[in-house]
Structures are given as C-alpha cells and as structure tokens.
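K.L.:
Contents are CSV, C-alpha atoms; file name start_26.csv:
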```csv
chain,number,residue,atom,x,y,z
A,23,MET,CA,41.9,-24.6,-1.3
A,24,GLY,CA,38.2,-24.7,-0.9
A,25,TRP,CA,38.0,-28.3,-0.2
A,26,PHE,CA,36.4,-29.1,3.1
A,27,SER,CA,38.0,-31.8,5.2
A,28,TRP,CA,34.7,-33.4,6.3
A,29,SER,CA,33.5,-34.3,2.8
A,30,SER,CA,36.3,-36.8,2.3
A,31,ASP,CA,35.8,-40.5,2.8
A,32,THR,CA,37.3,-40.3,6.4
A,33,ASN,CA,34.2,-38.3,7.4
A,34,THR,CA,31.7,-40.7,6.1
A,35,ALA,CA,29.8,-42.4,8.9
A,36,SER,CA,29.9,-46.2,9.0
A,37,ASP,CA,26.2,-46.3,8.1
A,38,GLY,CA,26.8,-44.3,4.9
A,39,GLY,CA,25.8,-40.8,6.3
A,40,ARG,CA,28.0,-37.8,6.1
A,41,ILE,CA,29.3,-36.4,9.3
A,42,ALA,CA,28.5,-32.7,9.7
A,43,PRO,CA,30.9,-30.2,11.3
A,44,ASP,CA,30.8,-30.5,15.1
A,45,ARG,CA,30.8,-27.6,17.5
A,46,THR,CA,34.6,-27.0,17.3
A,47,SER,CA,34.8,-27.0,13.5
A,48,ARG,CA,31.7,-24.8,13.3
A,49,GLU,CA,33.4,-22.3,15.6
A,50,GLN,CA,36.5,-22.4,13.4
A,51,CYS,CA,34.4,-21.7,10.4
A,52,TYR,CA,32.6,-18.8,12.1
A,53,GLN,CA,36.0,-17.3,13.0
A,54,GLY,CA,37.3,-17.7,9.5
A,55,ARG,CA,34.2,-16.0,8.2
A,56,ASP,CA,34.4,-13.1,10.7
A,57,MET,CA,38.1,-12.5,9.8
A,58,PHE,CA,37.3,-12.5,6.1
A,59,PHE,CA,34.3,-10.2,6.5
A,60,SER,CA,36.2,-7.7,8.5
A,61,CYS,CA,38.8,-7.6,5.8
A,62,LEU,CA,36.0,-7.0,3.3
A,63,ASP,CA,34.7,-4.2,5.5
A,64,ARG,CA,38.1,-2.6,5.6
A,65,ASN,CA,38.3,-2.7,1.8
A,66,ASP,CA,34.7,-1.6,1.2
A,67,ILE,CA,33.7,-4.7,-0.5
A,68,LEU,CA,30.1,-5.9,0.0
A,69,ASP,CA,29.5,-8.7,-2.3
A,70,ALA,CA,32.3,-11.3,-2.3
A,71,ILE,CA,30.6,-13.3,-5.0
A,72,LYS,CA,30.2,-10.5,-7.5
A,73,ASP,CA,33.5,-8.8,-6.6
A,74,ASP,CA,35.3,-12.2,-6.2
A,75,LYS,CA,38.5,-11.1,-8.0
A,76,GLU,CA,38.9,-8.0,-5.9
A,77,ALA,CA,38.1,-9.8,-2.7
A,78,ARG,CA,40.7,-12.5,-3.5
A,79,ARG,CA,43.3,-9.8,-4.4
A,80,LYS,CA,42.8,-7.7,-1.3
A,81,CYS,CA,41.9,-10.4,1.3
A,82,GLY,CA,43.8,-13.4,-0.2
A,83,LYS,CA,45.0,-14.8,3.1
A,84,GLU,CA,41.6,-14.4,4.8
A,85,ILE,CA,39.6,-16.0,2.0
A,86,ALA,CA,41.9,-18.9,1.9
A,87,GLU,CA,41.4,-19.5,5.7
A,88,PHE,CA,37.7,-19.0,5.4
A,89,GLU,CA,37.4,-21.5,2.6
A,90,THR,CA,39.5,-24.1,4.4
A,91,ALA,CA,37.5,-23.8,7.6
A,92,CYS,CA,34.1,-24.0,6.0
A,93,SER,CA,32.5,-26.2,3.4
A,94,ARG,CA,31.8,-24.7,-0.1
A,95,ALA,CA,28.1,-24.5,0.5
A,96,TRP,CA,28.6,-22.7,3.7
A,97,VAL,CA,31.1,-20.2,2.1
A,98,LYS,CA,28.5,-19.4,-0.5
A,99,TYR,CA,25.7,-19.2,2.1
A,100,PHE,CA,27.6,-16.7,4.3
A,101,LYS,CA,28.7,-14.5,1.4
A,102,GLU,CA,25.0,-14.3,0.2
A,103,LYS,CA,23.8,-13.8,3.7
A,104,ARG,CA,26.2,-10.8,4.1
A,105,VAL,CA,24.7,-9.1,1.1
A,106,MET,CA,21.1,-10.0,2.2
A,107,GLU,CA,21.6,-8.6,5.7
A,108,TYR,CA,23.2,-5.4,4.4
A,109,ASN,CA,20.2,-4.8,2.2
A,110,ARG,CA,17.8,-5.7,4.9
A,111,ASP,CA,19.4,-3.3,7.4
A,112,LYS,CA,19.4,-0.5,4.7
A,113,THR,CA,15.8,-1.1,4.0
A,114,ILE,CA,14.9,-1.0,7.7
A,115,GLU,CA,16.9,2.2,8.1
A,116,ARG,CA,15.2,3.8,5.0
A,117,ILE,CA,11.7,2.9,6.3
A,118,LYS,CA,12.6,4.3,9.7
A,119,LYS,CA,13.8,7.6,8.2
A,120,GLU,CA,10.7,7.8,6.0
A,121,ASP,CA,8.5,7.2,9.0
A,122,ALA,CA,10.3,9.9,11.0
A,123,ALA,CA,10.0,12.3,8.1
A,124,GLN,CA,6.3,11.6,7.8
A,125,VAL,CA,5.7,12.1,11.5
A,126,GLN,CA,7.6,15.5,11.3
A,127,ASP,CA,5.4,16.4,8.3
A,128,LEU,CA,2.2,15.6,10.1
A,129,LYS,CA,3.3,17.4,13.3
A,130,ALA,CA,4.1,20.5,11.2
A,131,GLN,CA,0.5,20.3,10.0
A,132,GLY,CA,-0.7,20.4,13.6
A,133,TRP,CA,-1.4,16.7,14.2
A,134,SER,CA,-0.5,15.2,17.5
A,135,SER,CA,0.0,11.5,18.4
A,136,ARG,CA,-2.3,11.7,21.4
B,22,MET,CA,-45.5,-7.6,50.8
B,23,ALA,CA,-45.3,-6.7,54.5
B,24,SER,CA,-41.6,-7.0,54.6
B,25,SER,CA,-41.2,-4.6,51.7
B,26,MET,CA,-43.6,-2.2,53.3
B,27,ARG,CA,-41.5,-1.8,56.5
B,28,PRO,CA,-38.5,-0.1,54.9
B,29,MET,CA,-40.9,2.1,52.9
B,30,ALA,CA,-42.4,3.3,56.1
B,31,ARG,CA,-39.0,4.0,57.6
B,32,LEU,CA,-38.0,5.9,54.5
B,33,LEU,CA,-41.1,8.0,54.7
B,34,ALA,CA,-40.4,8.8,58.3
B,35,ARG,CA,-37.0,9.8,57.4
B,36,ALA,CA,-38.1,12.0,54.6
B,37,SER,CA,-40.6,13.8,56.8
B,38,ARG,CA,-37.9,14.5,59.3
B,39,THR,CA,-35.7,16.1,56.8
B,40,THR,CA,-38.4,18.2,55.3
B,41,LEU,CA,-39.8,19.2,58.7
B,42,VAL,CA,-36.6,20.8,59.9
B,43,PRO,CA,-36.0,23.2,57.0
B,44,THR,CA,-39.6,24.3,56.9
B,45,ILE,CA,-39.5,25.3,60.5
B,46,GLU,CA,-36.3,27.1,60.0
B,47,ARG,CA,-37.6,28.9,57.0
B,48,THR,CA,-40.8,30.0,58.7
B,49,ALA,CA,-38.9,31.1,61.8
B,50,PRO,CA,-37.7,34.6,60.7
B,51,ARG,CA,-41.1,35.6,59.5
B,52,THR,CA,-42.9,34.7,62.8
B,53,ALA,CA,-43.0,36.9,65.9
B,54,LEU,CA,-40.4,36.6,68.7
B,55,SER,CA,-42.7,34.5,70.9
B,56,SER,CA,-43.2,32.0,68.2
B,57,ILE,CA,-39.4,31.9,67.6
B,58,ARG,CA,-39.1,30.6,71.1
B,59,THR,CA,-41.6,27.9,70.4
B,60,THR,CA,-39.9,26.9,67.1
B,61,THR,CA,-36.5,26.6,68.7
B,62,SER,CA,-38.0,24.5,71.4
B,63,THR,CA,-39.6,22.2,68.8
B,64,LEU,CA,-36.3,22.1,67.0
B,65,SER,CA,-34.4,21.1,70.1
B,66,ASN,CA,-37.2,18.5,70.8
B,67,LEU,CA,-36.8,17.1,67.3
B,68,ARG,CA,-33.0,17.0,67.7
B,69,ALA,CA,-33.3,15.2,71.0
B,70,GLY,CA,-35.7,12.7,69.5
B,71,ASN,CA,-33.2,12.0,66.7
B,72,ASN,CA,-30.4,11.5,69.2
B,73,GLY,CA,-28.4,14.1,67.4
B,74,ILE,CA,-28.0,12.0,64.3
B,75,ARG,CA,-28.0,13.6,60.9
B,76,SER,CA,-31.2,12.5,59.3
B,77,PHE,CA,-29.6,11.5,56.0
B,78,SER,CA,-27.2,9.0,57.6
B,79,THR,CA,-27.8,5.4,56.5
B,80,SER,CA,-25.2,3.9,58.6
B,81,PRO,CA,-26.3,1.1,61.0
B,82,LEU,CA,-26.6,2.0,64.6
B,83,CYS,CA,-23.3,0.3,65.7
B,84,LEU,CA,-21.3,2.5,63.4
B,85,ARG,CA,-22.8,5.8,64.4
B,86,ALA,CA,-20.6,8.3,66.0
B,87,ARG,CA,-20.9,8.5,69.7
B,88,THR,CA,-18.8,11.5,70.6
B,89,MET,CA,-18.4,14.9,69.1
B,90,GLY,CA,-14.9,14.1,68.0
B,91,GLN,CA,-16.1,11.0,66.1
B,92,MET,CA,-18.8,13.1,64.6
B,93,LYS,CA,-16.5,15.8,63.5
B,94,ALA,CA,-14.1,13.2,62.0
B,95,ARG,CA,-16.9,11.6,60.1
B,96,HIS,CA,-18.2,15.0,59.0
B,97,SER,CA,-14.8,15.9,57.5
B,98,THR,CA,-14.3,12.6,55.6
B,99,GLY,CA,-17.9,11.8,54.9
B,100,PRO,CA,-18.5,8.0,54.5
B,101,PHE,CA,-14.9,7.5,53.4
B,102,SER,CA,-12.4,6.2,55.8
B,103,TRP,CA,-8.9,4.6,55.2
B,104,LYS,CA,-10.5,1.2,55.8
B,105,ALA,CA,-13.0,1.8,53.0
B,106,ALA,CA,-10.3,3.2,50.7
B,107,LEU,CA,-8.1,0.2,51.4
B,108,LEU,CA,-10.9,-2.3,50.8
B,109,PHE,CA,-11.8,-0.5,47.6
B,110,VAL,CA,-8.2,-0.5,46.3
B,111,LEU,CA,-7.6,-4.1,47.3
B,112,THR,CA,-10.9,-5.3,45.8
B,113,GLY,CA,-10.3,-3.3,42.6
B,114,GLY,CA,-6.7,-4.5,42.3
B,115,GLY,CA,-7.7,-8.1,42.9
B,116,MET,CA,-10.4,-7.9,40.3
B,117,ILE,CA,-8.1,-6.4,37.7
B,118,ILE,CA,-5.4,-9.1,38.3
B,119,TYR,CA,-8.0,-11.8,38.2
B,120,PHE,CA,-9.6,-10.6,35.0
B,121,ARG,CA,-6.2,-10.2,33.4
B,122,VAL,CA,-5.1,-13.7,34.3
B,123,GLU,CA,-8.4,-15.2,33.2
B,124,LYS,CA,-8.3,-13.3,29.9
B,125,GLU,CA,-4.8,-14.6,29.1
B,126,ARG,CA,-5.9,-18.1,30.0
B,127,LEU,CA,-8.9,-17.9,27.8
B,128,GLU,CA,-6.8,-16.4,25.0
B,129,ARG,CA,-4.4,-19.4,25.2
B,130,LYS,CA,-7.2,-21.8,25.4
B,131,ARG,CA,-8.7,-20.2,22.3
B,132,ILE,CA,-5.4,-20.7,20.5
B,133,ALA,CA,-5.1,-24.2,21.7
B,134,GLU,CA,-8.7,-25.1,20.8
B,135,MET,CA,-8.3,-23.5,17.4
B,136,SER,CA,-6.4,-26.7,16.2
B,137,LYS,CA,-9.2,-28.9,17.4
B,138,GLY,CA,-12.6,-29.7,15.9
B,139,VAL,CA,-13.9,-28.3,12.6
B,140,GLY,CA,-12.0,-25.8,10.5
B,141,LYS,CA,-8.7,-26.5,12.3
B,142,PRO,CA,-5.4,-25.5,10.8
B,143,LYS,CA,-3.9,-28.8,10.1
B,144,VAL,CA,-0.3,-28.7,11.3
B,145,GLY,CA,1.0,-32.1,12.1
B,146,GLY,CA,-0.5,-35.5,11.5
B,147,PRO,CA,0.3,-39.2,11.1
B,148,PHE,CA,3.8,-40.1,10.0
B,149,THR,CA,6.2,-43.0,10.2
B,150,LEU,CA,9.9,-42.5,10.8
B,151,LYS,CA,12.7,-44.3,12.5
B,152,ASP,CA,14.4,-43.3,15.7
B,153,LEU,CA,18.2,-43.5,16.1
B,154,ASN,CA,18.0,-47.2,17.1
B,155,GLY,CA,16.2,-48.1,14.0
B,156,LYS,CA,12.9,-48.5,15.8
B,157,GLU,CA,9.8,-47.3,14.1
B,158,PHE,CA,8.5,-44.0,15.5
B,159,THR,CA,5.0,-42.7,14.5
B,160,ALA,CA,2.9,-39.8,15.5
B,161,GLU,CA,1.2,-42.0,18.1
B,162,ASP,CA,4.5,-42.0,20.0
B,163,LEU,CA,4.2,-38.3,20.5
B,164,LYS,CA,0.8,-38.6,22.3
B,165,GLY,CA,0.4,-38.2,26.0
B,166,LYS,CA,3.1,-35.6,26.3
B,167,TYR,CA,3.8,-32.1,25.1
B,168,ALA,CA,6.0,-32.6,22.0
B,169,PHE,CA,8.4,-30.0,20.8
B,170,VAL,CA,9.1,-30.6,17.2
B,171,TYR,CA,12.0,-29.1,15.2
B,172,PHE,CA,13.0,-29.7,11.6
B,173,GLY,CA,16.6,-29.3,10.5
B,174,PHE,CA,19.7,-30.9,9.1
B,175,THR,CA,23.2,-31.5,10.5
B,176,HIS,CA,25.0,-29.6,7.7
B,177,CYS,CA,23.1,-26.4,8.6
B,178,PRO,CA,25.4,-23.5,8.7
B,179,ASP,CA,24.3,-21.2,11.6
B,180,ILE,CA,20.6,-21.0,12.3
B,181,CYS,CA,19.9,-24.6,13.3
B,182,PRO,CA,22.9,-24.8,15.7
B,183,ASP,CA,21.7,-21.6,17.4
B,184,GLU,CA,18.2,-22.9,17.6
B,185,LEU,CA,19.3,-26.3,18.9
B,186,ASP,CA,21.3,-24.6,21.7
B,187,LYS,CA,18.1,-22.7,22.5
B,188,MET,CA,16.2,-26.0,22.4
B,189,ALA,CA,18.6,-27.5,24.9
B,190,GLU,CA,18.1,-24.6,27.3
B,191,ILE,CA,14.3,-24.8,26.9
B,192,ILE,CA,14.4,-28.6,27.7
B,193,ASP,CA,16.3,-27.9,31.0
B,194,LYS,CA,14.1,-25.0,31.9
B,195,VAL,CA,10.9,-27.0,31.3
B,196,LYS,CA,12.3,-29.9,33.2
B,197,GLU,CA,13.0,-27.7,36.1
B,198,ALA,CA,9.6,-26.0,36.0
B,199,THR,CA,7.8,-29.3,35.9
B,200,LYS,CA,9.9,-30.6,38.7
B,201,GLY,CA,11.4,-33.3,36.6
B,202,GLU,CA,8.2,-34.8,35.3
B,203,ASN,CA,8.7,-36.6,32.1
B,204,ILE,CA,6.0,-34.9,30.1
B,205,PHE,CA,8.0,-32.9,27.5
B,206,LEU,CA,9.3,-34.6,24.4
B,207,PRO,CA,11.8,-32.7,22.3
B,208,VAL,CA,12.0,-34.1,18.8
B,209,PHE,CA,14.4,-33.3,15.9
B,210,ILE,CA,13.3,-34.5,12.5
B,211,THR,CA,16.0,-34.3,9.8
B,212,CYS,CA,15.1,-32.8,6.4
B,213,ASP,CA,18.2,-34.3,4.9
B,214,PRO,CA,17.9,-38.1,5.3
B,215,VAL,CA,20.6,-38.9,2.7
B,216,ARG,CA,23.4,-37.4,4.7
B,217,ASP,CA,21.8,-37.5,8.2
B,218,THR,CA,21.9,-41.2,9.0
B,219,PRO,CA,21.2,-42.3,12.6
B,220,GLU,CA,24.9,-42.4,13.4
B,221,VAL,CA,25.5,-38.9,12.1
B,222,LEU,CA,22.4,-37.6,13.9
B,223,ARG,CA,23.2,-39.2,17.2
B,224,ALA,CA,26.7,-37.6,17.3
B,225,TYR,CA,25.3,-34.3,16.2
B,226,LEU,CA,22.4,-34.1,18.7
B,227,LYS,CA,24.5,-35.3,21.6
B,228,GLU,CA,26.5,-32.1,21.4
B,229,PHE,CA,23.3,-30.1,22.1
B,230,HIS,CA,21.2,-32.2,24.6
B,231,PRO,CA,21.1,-35.9,25.3
B,232,GLY,CA,17.3,-35.7,25.6
B,233,ILE,CA,16.5,-34.8,22.0
B,234,ILE,CA,14.9,-37.6,20.1
B,235,GLY,CA,16.4,-37.7,16.6
B,236,LEU,CA,14.2,-39.0,13.8
B,237,THR,CA,15.0,-39.9,10.2
B,238,GLY,CA,13.5,-42.0,7.4
B,239,THR,CA,13.5,-42.5,3.7
B,240,TYR,CA,13.4,-39.5,1.4
B,241,ASP,CA,9.6,-40.0,0.8
B,242,GLU,CA,8.9,-40.5,4.5
B,243,VAL,CA,10.7,-37.3,5.4
B,244,LYS,CA,9.0,-35.4,2.6
B,245,HIS,CA,5.6,-36.6,3.9
B,246,VAL,CA,6.2,-35.5,7.5
B,247,CYS,CA,7.5,-32.1,6.3
B,248,LYS,CA,4.2,-31.7,4.3
B,249,GLN,CA,2.2,-32.7,7.4
B,250,TYR,CA,3.9,-30.0,9.4
B,251,ARG,CA,3.7,-27.5,6.6
B,252,VAL,CA,7.5,-27.3,6.5
B,253,TYR,CA,9.0,-26.1,3.3
B,254,PHE,CA,11.0,-29.0,1.9
B,255,SER,CA,13.7,-28.3,-0.7
B,256,THR,CA,16.1,-31.3,-0.3
B,257,PRO,CA,17.3,-32.4,-3.7
B,258,ARG,CA,16.3,-36.0,-4.5
B,259,ASP,CA,19.3,-37.2,-6.6
B,260,ILE,CA,22.6,-36.1,-5.1
B,261,LYS,CA,25.9,-37.4,-6.3
B,262,PRO,CA,27.9,-38.8,-3.5
B,263,GLY,CA,30.1,-36.2,-1.9
B,264,GLU,CA,28.1,-33.3,-3.3
B,265,ASP,CA,27.7,-30.4,-1.0
B,266,TYR,CA,24.3,-28.6,-0.6
B,267,LEU,CA,22.2,-26.8,1.8
B,268,VAL,CA,18.5,-27.4,2.6
B,269,ASP,CA,16.0,-24.6,3.0
B,270,HIS,CA,13.5,-25.3,5.7
B,271,SER,CA,11.2,-23.6,8.2
B,272,ILE,CA,12.9,-22.7,11.4
B,273,TYR,CA,10.0,-22.9,13.8
B,274,PHE,CA,9.6,-25.2,16.8
B,275,TYR,CA,6.1,-26.7,16.9
B,276,LEU,CA,4.5,-27.2,20.3
B,277,MET,CA,2.0,-30.1,20.1
B,278,ASP,CA,-0.3,-31.0,22.9
B,279,PRO,CA,-0.8,-34.5,24.3
B,280,ASP,CA,-3.6,-35.2,21.8
B,281,ASN,CA,-0.9,-34.4,19.2
B,282,ASP,CA,-2.8,-31.3,18.1
B,283,PHE,CA,-0.8,-28.2,17.2
B,284,VAL,CA,-0.7,-25.6,19.9
B,285,GLU,CA,1.8,-22.9,19.1
B,286,CYS,CA,5.0,-22.0,17.2
B,287,ILE,CA,8.1,-20.9,18.9
B,288,GLY,CA,10.3,-18.8,16.5
B,289,ARG,CA,13.6,-17.1,16.2
B,290,GLN,CA,12.3,-14.1,18.1
B,291,ASP,CA,11.7,-16.1,21.3
B,292,THR,CA,14.3,-16.4,24.0
B,293,PRO,CA,14.6,-19.6,26.0
B,294,GLU,CA,12.8,-17.7,28.8
B,295,THR,CA,9.8,-16.6,26.7
B,296,ALA,CA,9.6,-20.0,25.1
B,297,THR,CA,9.6,-21.8,28.4
B,298,ARG,CA,7.0,-19.4,29.7
B,299,THR,CA,4.7,-20.1,26.8
B,300,ILE,CA,5.2,-23.8,27.0
B,301,MET,CA,4.6,-23.9,30.8
B,302,GLU,CA,1.4,-21.9,30.4
B,303,HIS,CA,0.0,-24.5,28.1
B,304,ILE,CA,1.2,-27.4,30.3
B,305,ASN,CA,-0.4,-25.8,33.4
B,306,ASP,CA,-3.6,-25.0,31.5
B,307,TRP,CA,-3.8,-28.7,30.5
B,308,LYS,CA,-3.1,-29.8,34.1
B,309,ARG,CA,-5.7,-27.4,35.5
B,310,GLU,CA,-8.3,-28.9,33.3
B,311,GLY,CA,-7.4,-32.3,34.7
B,312,LYS,CA,-6.6,-33.8,31.3
B,313,PRO,CA,-4.4,-36.9,31.2
B,314,LEU,CA,-0.6,-36.8,30.8
B,315,LYS,CA,1.8,-39.8,30.3
B,316,LYS,CA,4.6,-39.4,32.8
B,317,ASP,CA,6.6,-42.6,32.2
```
Starting from the file, lay out its structure as structure tokens.
P.N.:
Amino acid sequence: MGWFSWSSDTNTASDGGRIAPDRTSREQCYQGRDMFFSCLDRNDILDAIKDDKEARRKCGKEIAEFETACSRAWVKYFKEKRVMEYNRDKTIERIKKEDAAQVQDLKAQGWSSR
Amino acid sequence: MASSMRPMARLLARASRTTLVPTIERTAPRTALSSIRTTTSTLSNLRAGNNGIRSFSTSPLCLRARTMGQMKARHSTGPFSWKAALLFVLTGGGMIIYFRVEKERLERKRIAEMSKGVGKPKVGGPFTLKDLNGKEFTAEDLKGKYAFVYFGFTHCPDICPDELDKMAEIIDKVKEATKGENIFLPVFITCDPVRDTPEVLRAYLKEFHPGIIGLTGTYDEVKHVCKQYRVYFSTPRDIKPGEDYLVDHSIYFYLMDPDNDFVECIGRQDTPETATRTIMEHINDWKREGKPLKKD
C-alpha cells in the first residue's frame, strides 16, 4: 500500500529518466482522490495528515485506493492542498462578509456608493 | 487684408439689417397713423429686399428654404436635421472607437517596449539547453518568432497538466488566427532535469501537443535558465534514485517577442481565448509596424 507503480524499475526510461504518470494514470489518481475526499467530507474530516488515524479508520478502502493510484508525493500534495483550499475559501468568505458589513454600516451613516 | 475685409463688410451689413427691423417696429406704435403706413411699407420693402430670408441665417444660398413648407420645417427643427444628427452620431461613434483602439494599442506597445532599452525588467536572457534530440538549443533559437515559454516538470500533480492542455489549445488557436504561419514557438523547459530526460519529456509532451518543443539540460543549466526567467527553482540537487519529490515552480507562460524580449505573462486566470487574444494583439502590432518575422 502506498507504493506507486511507476517508481519501480520498469518505469525507468532507457536513458535513465523516470517516466511520469500519463494522462490515464493521472485520471485514475484524480478519481481516487475525489473518492477519498468525498469520504472525508461525509465524516467531517478536513486534514487527512493531522487526523490520519481517523481518516484511515473511517475511509480505509478509499485511502487505500487513493494511495495505490497516486504517488506518495502526490498523495501528500493533495491532502495539503485540501486544507489550503479550505482555509483560502474561508478567508475569502470572511473578507466578503466583513466587506458587506462595512458597506451596511456606511450606508446606515448616510453614505452612498454613487 | 482685402479678403478679410470682405466678410467683415458682409457681417456689418447683416448686423445693420437685424438692428434696423426692430427699431422700426419699436418706433411704430409711437408714431401717427400716417407714419405707420410708411413704416409698414419700408418693412415690406426690406423684407422683399431680403428675399424673405431670416437675417440671422448663415446657411449658403443653395440650402435656403424655397417654399413656405420648407421654411416651416426648418423653423421647427432649427439647423438640426436627421442628416446632421446621423453625421454627428457616426462621426462621434467613429472617433470613440478609433481612440479606444488606438489607446489599447499604445498601452500594449508601452508594455512591450517596457522590456526594451534602459531600466527594463530583465525576464529571459541567454541560456544553453538541449532539445529532445540532444541538439544544443540556445536563446538565439527563440529569435525571429513569438516564443511561448513554460516551466514545469512531468511529475507535476495537477497544475502543469491543466496548463499544458491550455497551451495546446492556445497553439491551435494562434495557428488558426495566423493562418498557419509558423511564427509561434511553444517551449517547455523542465525544472526537474534528473527525472525528465529527453525520452520521458517526449512521451509526456506528445500527450498534449506535438508542436511543443521540450528542453532539458544539466542541473546547473536548468537552474541558470530558471534564474534568467525569474522562475522560483526548488529542485533538490542530490536525490537518491527512486526518491519521490515535487518541484515548486512559477506557473506563468512567458510571451517573448521576436527580439527575445519579454512581452507579457499569461497566467492561471487566462482562458485559451483570452490568452490567444493577447498573443494575437502583440503579433498583429508587430506586423503592423513592419518588423521582421521568421516564418520557416
């Protein structure tokens, strides 16, 4: 579990390079990721790195599939990206709300946008 | 002098006509009945002498109203007719469009010129890499065409593949817009030369677009070109074989003009359509100025 097929010797190019996932395996990885993340959503888990144990207990099948379909670096990247995007969206939402509140406040004081 | 005197004289004549009429009319009520008759006759004489033209009219003779109907029509609309209005709107609209287009062109030109001459932001510069056939490829090889440079690595999880799909669309759209002229050079430079050997790169890029030129080099060569393009380079130098890692890198496309000067960045926010529009604007500006392009 967690070992990615393309890092083995069979996926080394003849000139010594390492073959990256092609379109099909990328697609498989994205699918595995989406399945795992929707399971996390259902169980209210945000950070699959911090809450690794819980994630593995509740989404054991999904995480196994995710980790087979994607390389270790990608798995880590997507888990981190999930947290980052969540925080980003929350920040944007907060700023929007604060903005709206400020506009309301200013309008109450008789200020108009035009 | 004489020529300028003539319109003056005409003006004076006109002014006296306009002042003459009201004075007669004003004096009329105060004079006796007999004199009224004389004033009316002088009035009618005056009118006859003027051919019934309102004295303040400046229209040339040919445009003067001939019948009462025409006179009434002109009186109700004044000097404004639908022809005048149409001319006004068309001229105005034309001017607005012209100024807007010209303003945009100058703005682009300003951006493009910004990377030339003194105080230019130095993006891009000399480098030596190898193409996928092992042939040396330098910055000189980018000259004569608009180059579209992207940095990435084949083990990139999600952003590079998305951006490369976009690049493929842009290549086709630009090709279409330039009617197949070979003046656009899409280039992919790997930030991860250890894993991305020519063979790996060729197989990877083929999945996106056969026209993309893949470039790779030694660790130091790649580090140098990244520095030239101000690309953040974080590839670890000593990696154990089989070790898995990601590379952080900038995710911009760099548009370089045929002098190999930096023109503009195309980023994540651009769609293939907006990117193609930006690129075509620069290509067309370049052509309009009659600057050379290598089409072979």
K.L.:
So, counting all atoms listed in the file, which residue among B:Phe158, B:Phe174, B:Phe109, B:Trp103 is closest to chain A?
P.N.:
B:Phe174
K.L.:
Could you tell me how far CA of Pro43 in chain A sits from CA of Val170 in chain B, in Å to one decimal place?
P.N.:
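Those two atoms sit 22.6 Å apart.
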K.L.:
For chain B, list the residues within 8 Å of chain A, counting only C-alpha atoms, and write the list as a list in words.
P.N.:
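Residues passing the distance filter: Thr175, His176, Pro178, Val215, Arg216, Asp217, Thr218, Pro219, Glu220, Val221, Tyr225, Glu228, Gly263, Asp265, Tyr266 and Leu267 of chain B.
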K.L.:
Between A:Lys75, A:Lys101, A:Lys83, A:Lys119, which has the minimum distance to Phe59 in chain A (counting all atoms listed in the file)?
P.N.:
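Between A:Lys75, A:Lys101, A:Lys83, A:Lys119, the residue approaching Phe59 in chain A most closely is A:Lys101.
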K.L.:
So, with all atoms listed in the file as the atoms that count, which of B:Val252, B:Ile234, B:Ala189, B:Leu108 lies closest to Thr292 in chain B?
P.N.:
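Closest to Thr292 in chain B, using all atoms listed in the file: B:Ala189.
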K.L.:
Quote the spacing between CA of Asp162 in chain B and CA of Gly232 in chain B in Å to one decimal place.
P.N.:
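CA of Gly232 in chain B lies 15.3 Å from CA of Asp162 in chain B.
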K.L.:
Kindly compute an axis-aligned box around the listed atoms of range 69-73 of chain A, allowing 8 Å on each side, and express its centre and edge lengths in Å to one decimal as JSON.
P.N.:
```
{"center_x": 31.5, "center_y": -11.0, "center_z": -4.9, "size_x": 20.0, "size_y": 20.6, "size_z": 21.2}
```
K.L.:
Please, what distance in Å, to one decimal, runs between CA of Glu84 in chain A and CA of Asp183 in chain B?
P.N.:
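According to the coordinates, CA of Glu84 in chain A and CA of Asp183 in chain B are separated by 24.6 Å.
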K.L.:
Would you pick out the contacts of Lys248 in chain B at 10 Å or less, using all atoms listed in the file, so that residues sharing its chain but fewer than 4 positions from it are not included, and give the list as a list of chain:residue names?
P.N.:
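Selected residues are B:Val144, B:Gly145, B:Gly146, B:Glu242, B:Val243, B:Lys244, B:Val252, B:Tyr253, B:Phe254.
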K.L.:
Considering all atoms listed in the file, state which residue in the set B:Pro214, B:Phe274, B:Ile304, B:Ala224 is at the smallest distance from Arg258 in chain B.
P.N.:
B:Pro214
K.L.:
Restricting the calculation to all atoms listed in the file: of A:Ala91, A:Leu128, A:Leu68, A:Ile114, which residue gets closest to Gln50 in chain A?
P.N.:
A:Ala91
K.L.:
Might you pull out every residue within 12 Å of Glu302 in chain B, with only C-alpha atoms counted and same-chain residues fewer than 5 positions away left off, and present them as a count of residues only?
P.N.:
22
